[in-house]
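Structure first, commentary second.
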Amino acid sequence: MESEEDEKNHQNPKRCKPINHSQFPSTSMQDSTFTIPILPEELITEILTRVPVKSLLQFRCVSKSWLGLISSSDFINTHLSLSANNKEYTHHRLMLSFVQPEYNLKDCSLGSLLYGSVTEAFDLDYPMKNPHKSVWIVGSVNGLICLAIEENDLFLWNPSIRKFKKLPDSRPTLRCGYYFMYGFGYDEVYDDYKVVGIFCIFGSGGSYDVEVKIYGLKSNSWRNVDDFQGGVLLNDSGKFLKGKLHWATTARLGEYNAWDIISIDLTDEKWGKVEQPCYEKGNFDFVLGVLENNLSVLCNFHKTRADVWVMKEYGVKDSWEKMYTIRCPNDPGKYMFSPPLCMSKKGEILLVFGSIFMIYNPNDDSIRYPEVTNFDACLEAEIYTESLISPVLQNEPIPQQQ
C-alpha cells in the first residue's frame with residue numbers, strides 16, 4: 001500500500017532528478033565490507049514490472065539501459081498485466097467527477113478505499129480544466145481515460161504519466177434537437193484504442209435519425225459506421241467488455257418499460273444484441289455495468305432494494321444469475337444504487353448509493369461506509385489502472401501537463 005507521502009505526491013510525479021550516489025553503499029572492498037551485487041537482467045526486469053508507475057518514471061534516469069527497458073512495449077504490457085490482475089488493487093485508483101460546488105475531477109486509492117480505514121481524495125489537473133466547464137468520464141481502458149469536456153472536446157489522457165491527446169471534432173453538422181453518447185474501448189486484434197460516438201438527431205412527430213462514428217487512435221480520424229438498429233440510448237457511456245461496447249436502448253422516445261442491450265464489436269464494427277435475464281416483476285430502473293470482467297445489470301426497485309444480475313458466460317442467456325439483492329439504507333429518499341464497481345478479495349462489493357460509497361458484504365448482508373476525506377457528493381466514479389500506456393503515438397508531438 002502506498003505511504004501517505006507517496007499518496008499525496010501521486011498527482012505530481014517529478015521529472016528525472018539527480019541521483020545521490022552517496023546514499024548507496026560503496027562497491028569498493030577497500031571502502032566498505034559491503035558490495036552491491038550485480039543482478040541478472042531477467043531479475044531486474046522481474047522486479048521493475050512490480051514497481052509503481054511514479055517510481056518507474058524516475059528510474060528511467062538511472063541508465064540508458066533502464067530507460068530502454070522501461071520504455072519498451074513488452075515491459076509496458078507486462079507491467080500493465082501484473083498491475084491489472086493484482087487483487088490487492090495496489091495500482092488501481094478511483095476517478096471521481098463532481099458538479100458541486102464546481103466542476104472537478106478527483107481520485108483516490110482503490111486499495112485504501114477497500115482495505116484501509118480512511119482514504120483521501122486528491123484534485124486532478126486534467127486537460128482543459130475549468131471549474132465552469134462540465135467534465136464527463138466516458139470510460140477507462142488500460143490506464144487511459146477518455147474525457148469529454150462540455151460534451152464537445154474529447155481527450156485520451158493517462159493521469160499516471162500526465163500525457164494526453166485531444167481528438168478531432170466528431171460532431172455532425174449542428175442541428176436543433178440532438179444528443180449524443182460515447183463509448184471507449186480497446187481493439188485487441190489491431191492493437192488500437194477506439195471511441196464510438198452515437199448521435200441521435202430528433203425530427204418532427206417523435207421521429208429521429210442516428211449517426212454513428214468511430215475514432216481510431218492509430219489513424220487519428222473518425223469514420224461513419226452504418227447499420228445501427230438500436231433505438232434510443234438509455235445509459236450515458238458504453239460499457240466495454242469482451243472487445244465490444246454495450247448500451248441499453250429503448251424502441252422509442254419516452255418508452256422505458258421495454259429495452260434491449262446492444263453491442264458493437266470494435267474489430268469488425270458489427271452490431272449485435274445481448275439476451276437479457278428473466279427479471280422479477282415490478283417497477284424498476286436498470287443500469288448496465290461490468291463486474292469481474294462480466295456484463296452486469298443492476299435493477300433499482302425504488303426505495304426498497306437493488307438486484308444485481310451477472311452474465312457468467314458472455315452471450316449465453318442461461319448463464320445470467322441474480323448474484324445479490326441489496327436492501328436500501330434507511331430513508332433512501334430519491335437515491336438509487338450505481339452498478340457495482342468491483343469486488344474485493346473478500347467477496348465484498350463496492351458501489352455508490354446516491355453520491356456516497358458503500359461496501360456490501362453478501363456473506364452477512366451487511367453494509368459499511370468507507371470514510372473518504374476531501375470528498376463531497378460525486379456524480380460518477382470510474383476505476384482505472386496506473387500504467388505506462390501513452391495516448392500519444394511515436395513520432396507525434398507530445399502534449400504534456402505542466
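Letters A, B, ... go to the chains of the C-alpha cells in the order shown; residues in each chain start at 1; ligands are counted from 1 in the same order.
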- Message: Which residues are close to segment 313-316 of chain A, i.e. within 9 Å by only C-alpha atoms, leaving aside same-chain residues fewer than 6 positions away? Reply as a ChimeraX atom specification.
- Response: /A:242,273-275,294-295
Proximity check segment 102-134 of chain A to segment 81-87 of chain A, 12 Å, nearest pairs one decimal Å, only C-alpha atoms, as JSON lines:
{"residue": "A:Leu110", "atom": "CA", "partner": "A:Lys87", "partner_atom": "CA", "distance": 10.6}
{"residue": "A:Gly111", "atom": "CA", "partner": "A:Lys87", "partner_atom": "CA", "distance": 8.8}
{"residue": "A:Leu114", "atom": "CA", "partner": "A:Lys87", "partner_atom": "CA", "distance": 10.7}
{"residue": "A:Tyr115", "atom": "CA", "partner": "A:Lys87", "partner_atom": "CA", "distance": 11.1}
Those residues with N, CA and C atoms, as a compact mmCIF listing (two decimals), in the first residue's frame please?
# COMPACT_ATOMS: atom_id res chain seq x y z
N LEU A 110 -7.91 2.93 -4.73
CA LEU A 110 -8.95 1.92 -4.61
C LEU A 110 -8.60 0.93 -3.50
N GLY A 111 -7.33 0.55 -3.39
CA GLY A 111 -6.92 -0.38 -2.35
C GLY A 111 -7.19 0.17 -0.96
N LEU A 114 -10.96 0.07 -0.14
CA LEU A 114 -11.48 -1.25 0.17
C LEU A 114 -10.92 -1.82 1.47
N TYR A 115 -9.64 -1.61 1.69
CA TYR A 115 -8.96 -2.32 2.77
C TYR A 115 -8.43 -1.41 3.88
- Those in segment 146-388 of chain A with strand (DSSP E or B) from DSSP, as a ChimeraX atom specification: /A:146-149,153-158,163-166,178-187,192-202,208-216,221-225,232-233,237,239-241,244-250,259-265,271-274,284-291,294-301,305-311,320-327,337,342-343,349-353,356-361,366-368,371-373,380-385
- Query: Quick one: residues within 10 Å of Cys342 of chain A, only C-alpha atoms counted, chain neighbours fewer than 5 positions away excluded, as a list of chain:residue names?
  - Reply: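 After dropping sequence-adjacent residues, the list is A:Leu110, A:Leu114, A:Val290, A:Leu291, A:Glu292, A:Asn293, A:Gly347, A:Glu348, A:Ile349, A:Leu350, A:Leu351, A:Ile359, A:Ile383.
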Which residues come within 12 Å of Leu241 of chain A, counting only C-alpha atoms, excluding same-chain residues fewer than 2 positions away, as an mmCIF file with N, CA and C atoms, in the first residue's frame?
data_model
loop_
_atom_site.group_PDB
_atom_site.id
_atom_site.type_symbol
_atom_site.label_atom_id
_atom_site.label_comp_id
_atom_site.auth_asym_id
_atom_site.auth_seq_id
_atom_site.Cartn_x
_atom_site.Cartn_y
_atom_site.Cartn_z
ATOM 1 N N GLY A 139 -14.915 6.697 -20.168
ATOM 2 C CA GLY A 139 -14.511 5.332 -19.836
ATOM 3 C C GLY A 139 -13.029 5.244 -19.592
ATOM 4 N N SER A 140 -12.590 4.071 -19.173
ATOM 5 C CA SER A 140 -11.177 3.832 -18.878
ATOM 6 C C SER A 140 -10.781 2.455 -19.382
ATOM 7 N N VAL A 141 -9.648 2.385 -20.077
ATOM 8 C CA VAL A 141 -9.111 1.110 -20.566
ATOM 9 C C VAL A 141 -7.586 1.153 -20.443
ATOM 10 N N GLY A 183 -18.588 5.917 -26.179
ATOM 11 C CA GLY A 183 -18.039 4.748 -25.526
ATOM 12 C C GLY A 183 -16.579 4.630 -25.883
ATOM 13 N N PHE A 184 -15.775 4.084 -24.980
ATOM 14 C CA PHE A 184 -14.329 3.989 -25.169
ATOM 15 C C PHE A 184 -13.887 2.558 -24.921
ATOM 16 N N GLY A 185 -13.088 1.999 -25.862
ATOM 17 C CA GLY A 185 -12.633 0.627 -25.702
ATOM 18 C C GLY A 185 -11.347 0.360 -26.452
ATOM 19 N N TYR A 186 -10.937 -0.904 -26.422
ATOM 20 C CA TYR A 186 -9.664 -1.321 -26.997
ATOM 21 C C TYR A 186 -9.884 -2.467 -27.971
ATOM 22 N N ASP A 187 -9.365 -2.310 -29.187
ATOM 23 C CA ASP A 187 -9.414 -3.348 -30.215
ATOM 24 C C ASP A 187 -8.125 -4.161 -30.111
ATOM 25 N N GLU A 188 -8.226 -5.337 -29.490
ATOM 26 C CA GLU A 188 -7.037 -6.150 -29.243
ATOM 27 C C GLU A 188 -6.451 -6.720 -30.529
ATOM 28 N N GLY A 238 -20.944 3.876 -23.134
ATOM 29 C CA GLY A 238 -20.875 2.469 -23.466
ATOM 30 C C GLY A 238 -20.027 1.704 -22.473
ATOM 31 N N LYS A 239 -20.431 0.499 -22.147
ATOM 32 C CA LYS A 239 -19.685 -0.357 -21.219
ATOM 33 C C LYS A 239 -18.820 -1.317 -22.028
ATOM 34 N N GLY A 243 -14.113 -6.946 -25.944
ATOM 35 C CA GLY A 243 -13.853 -6.308 -27.225
ATOM 36 C C GLY A 243 -15.045 -5.575 -27.816
ATOM 37 N N LYS A 244 -16.112 -5.400 -27.018
ATOM 38 C CA LYS A 244 -17.323 -4.749 -27.510
ATOM 39 C C LYS A 244 -17.760 -3.653 -26.552
ATOM 40 N N LEU A 245 -18.468 -2.651 -27.106
ATOM 41 C CA LEU A 245 -19.114 -1.625 -26.305
ATOM 42 C C LEU A 245 -20.611 -1.919 -26.242
ATOM 43 N N HIS A 246 -21.206 -1.706 -25.060
ATOM 44 C CA HIS A 246 -22.605 -2.064 -24.828
ATOM 45 C C HIS A 246 -23.392 -0.850 -24.334
ATOM 46 N N TRP A 247 -24.630 -0.744 -24.819
ATOM 47 C CA TRP A 247 -25.563 0.273 -24.361
ATOM 48 C C TRP A 247 -26.935 -0.360 -24.131
ATOM 49 N N SER A 263 -24.739 -4.053 -28.752
ATOM 50 C CA SER A 263 -23.276 -4.015 -28.681
ATOM 51 C C SER A 263 -22.709 -3.730 -30.059
ATOM 52 N N ILE A 264 -21.501 -3.185 -30.077
ATOM 53 C CA ILE A 264 -20.749 -3.044 -31.318
ATOM 54 C C ILE A 264 -19.368 -3.631 -31.106
ATOM 55 N N ASP A 265 -18.967 -4.512 -32.012
ATOM 56 C CA ASP A 265 -17.648 -5.134 -31.973
ATOM 57 C C ASP A 265 -16.633 -4.135 -32.520
ATOM 58 N N LEU A 266 -15.604 -3.828 -31.745
ATOM 59 C CA LEU A 266 -14.642 -2.805 -32.149
ATOM 60 C C LEU A 266 -13.696 -3.292 -33.240
ATOM 61 N N LEU A 288 -26.605 -0.733 -16.856
ATOM 62 C CA LEU A 288 -25.561 -1.688 -17.237
ATOM 63 C C LEU A 288 -24.285 -1.428 -16.470
ATOM 64 N N GLY A 289 -23.513 -2.496 -16.272
ATOM 65 C CA GLY A 289 -22.213 -2.374 -15.632
ATOM 66 C C GLY A 289 -21.328 -3.538 -16.019
ATOM 67 N N VAL A 290 -20.111 -3.542 -15.485
ATOM 68 C CA VAL A 290 -19.157 -4.632 -15.675
ATOM 69 C C VAL A 290 -18.614 -4.999 -14.304
ATOM 70 N N LEU A 291 -18.727 -6.273 -13.932
ATOM 71 C CA LEU A 291 -18.244 -6.756 -12.642
ATOM 72 C C LEU A 291 -17.401 -8.002 -12.859
ATOM 73 N N GLU A 292 -16.144 -7.932 -12.436
ATOM 74 C CA GLU A 292 -15.234 -9.067 -12.571
ATOM 75 C C GLU A 292 -15.171 -9.553 -14.021
ATOM 76 N N ASN A 293 -15.104 -8.621 -14.952
ATOM 77 C CA ASN A 293 -14.999 -8.921 -16.382
ATOM 78 C C ASN A 293 -16.237 -9.644 -16.910
ATOM 79 N N ASN A 294 -17.373 -9.424 -16.261
ATOM 80 C CA ASN A 294 -18.641 -9.975 -16.721
ATOM 81 C C ASN A 294 -19.655 -8.846 -16.864
ATOM 82 N N LEU A 295 -20.539 -8.961 -17.848
ATOM 83 C CA LEU A 295 -21.601 -7.980 -18.019
ATOM 84 C C LEU A 295 -22.577 -8.103 -16.844
ATOM 85 N N SER A 296 -22.994 -6.953 -16.320
ATOM 86 C CA SER A 296 -23.925 -6.965 -15.193
ATOM 87 C C SER A 296 -25.067 -5.997 -15.453
ATOM 88 N N MET A 311 -23.842 -11.921 -16.011
ATOM 89 C CA MET A 311 -23.793 -12.905 -17.092
ATOM 90 C C MET A 311 -22.461 -13.660 -16.979
ATOM 91 N N TYR A 314 -20.348 -15.019 -21.385
ATOM 92 C CA TYR A 314 -20.804 -13.956 -22.278
ATOM 93 C C TYR A 314 -21.570 -14.520 -23.481
ATOM 94 N N GLY A 315 -22.721 -13.920 -23.747
ATOM 95 C CA GLY A 315 -23.521 -14.311 -24.898
ATOM 96 C C GLY A 315 -24.458 -15.475 -24.661
#
- Task: Give me the residues within 7 Å of Thr373 of chain A as a list in words, counting only C-alpha atoms and dropping any in the same chain fewer than 4 places off.
- Result: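 In the requested format, the answer is Thr119, Glu120 and Ala121 of chain A.
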- Shell of 9 Å around Ile161 of chain A, only C-alpha atoms, local chain residues under 5 positions omitted, as a PyMOL selection string: chain A and resi 13+53-54+57+386-390+400
Given the selection you just returned, output its residues as a file containing N, CA and C atoms, formatted as a PDB file, in the first residue's frame.
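Written file, result_23.pdb:
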ATOM      1  N   PRO A  13       4.143  13.526 -10.307  1.00  0.00           N
ATOM      2  CA  PRO A  13       5.380  12.754 -10.454  1.00  0.00           C
ATOM      3  C   PRO A  13       6.482  13.660 -10.965  1.00  0.00           C
ATOM      4  N   VAL A  53       4.142   3.115 -11.119  1.00  0.00           N
ATOM      5  CA  VAL A  53       4.467   3.956 -12.265  1.00  0.00           C
ATOM      6  C   VAL A  53       5.281   5.172 -11.847  1.00  0.00           C
ATOM      7  N   LYS A  54       4.903   5.801 -10.752  1.00  0.00           N
ATOM      8  CA  LYS A  54       5.611   7.006 -10.304  1.00  0.00           C
ATOM      9  C   LYS A  54       7.102   6.738 -10.133  1.00  0.00           C
ATOM     10  N   LEU A  57       8.931   6.179 -13.575  1.00  0.00           N
ATOM     11  CA  LEU A  57       9.240   7.415 -14.292  1.00  0.00           C
ATOM     12  C   LEU A  57      10.572   7.999 -13.832  1.00  0.00           C
ATOM     13  N   GLU A 386      -3.152   2.242 -12.941  1.00  0.00           N
ATOM     14  CA  GLU A 386      -1.951   3.018 -13.238  1.00  0.00           C
ATOM     15  C   GLU A 386      -1.118   2.254 -14.262  1.00  0.00           C
ATOM     16  N   SER A 387      -0.741   2.927 -15.332  1.00  0.00           N
ATOM     17  CA  SER A 387       0.005   2.245 -16.384  1.00  0.00           C
ATOM     18  C   SER A 387       0.936   3.225 -17.087  1.00  0.00           C
ATOM     19  N   LEU A 388       1.781   2.659 -17.962  1.00  0.00           N
ATOM     20  CA  LEU A 388       2.719   3.447 -18.764  1.00  0.00           C
ATOM     21  C   LEU A 388       2.213   3.628 -20.193  1.00  0.00           C
ATOM     22  N   ILE A 389       0.987   3.179 -20.473  1.00  0.00           N
ATOM     23  CA  ILE A 389       0.437   3.300 -21.820  1.00  0.00           C
ATOM     24  C   ILE A 389       0.298   4.776 -22.193  1.00  0.00           C
ATOM     25  N   SER A 390       0.822   5.149 -23.352  1.00  0.00           N
ATOM     26  CA  SER A 390       0.763   6.548 -23.772  1.00  0.00           C
ATOM     27  C   SER A 390      -0.359   6.759 -24.784  1.00  0.00           C
ATOM     28  N   GLN A 400       2.046  17.655 -22.846  1.00  0.00           N
ATOM     29  CA  GLN A 400       2.246  17.140 -21.507  1.00  0.00           C
ATOM     30  C   GLN A 400       1.791  18.178 -20.498  1.00  0.00           C
TER      31      GLN A 400
END
- Extract, using only C-alpha atoms, all DNA, RNA and protein residues at most 12 Å from Cys378 of chain A, discarding same-chain residues fewer than 3 positions from it, and format them as an MDAnalysis selection string. chainID A and resid 94:107 121 136 338 352:357 372 374:375 381:382
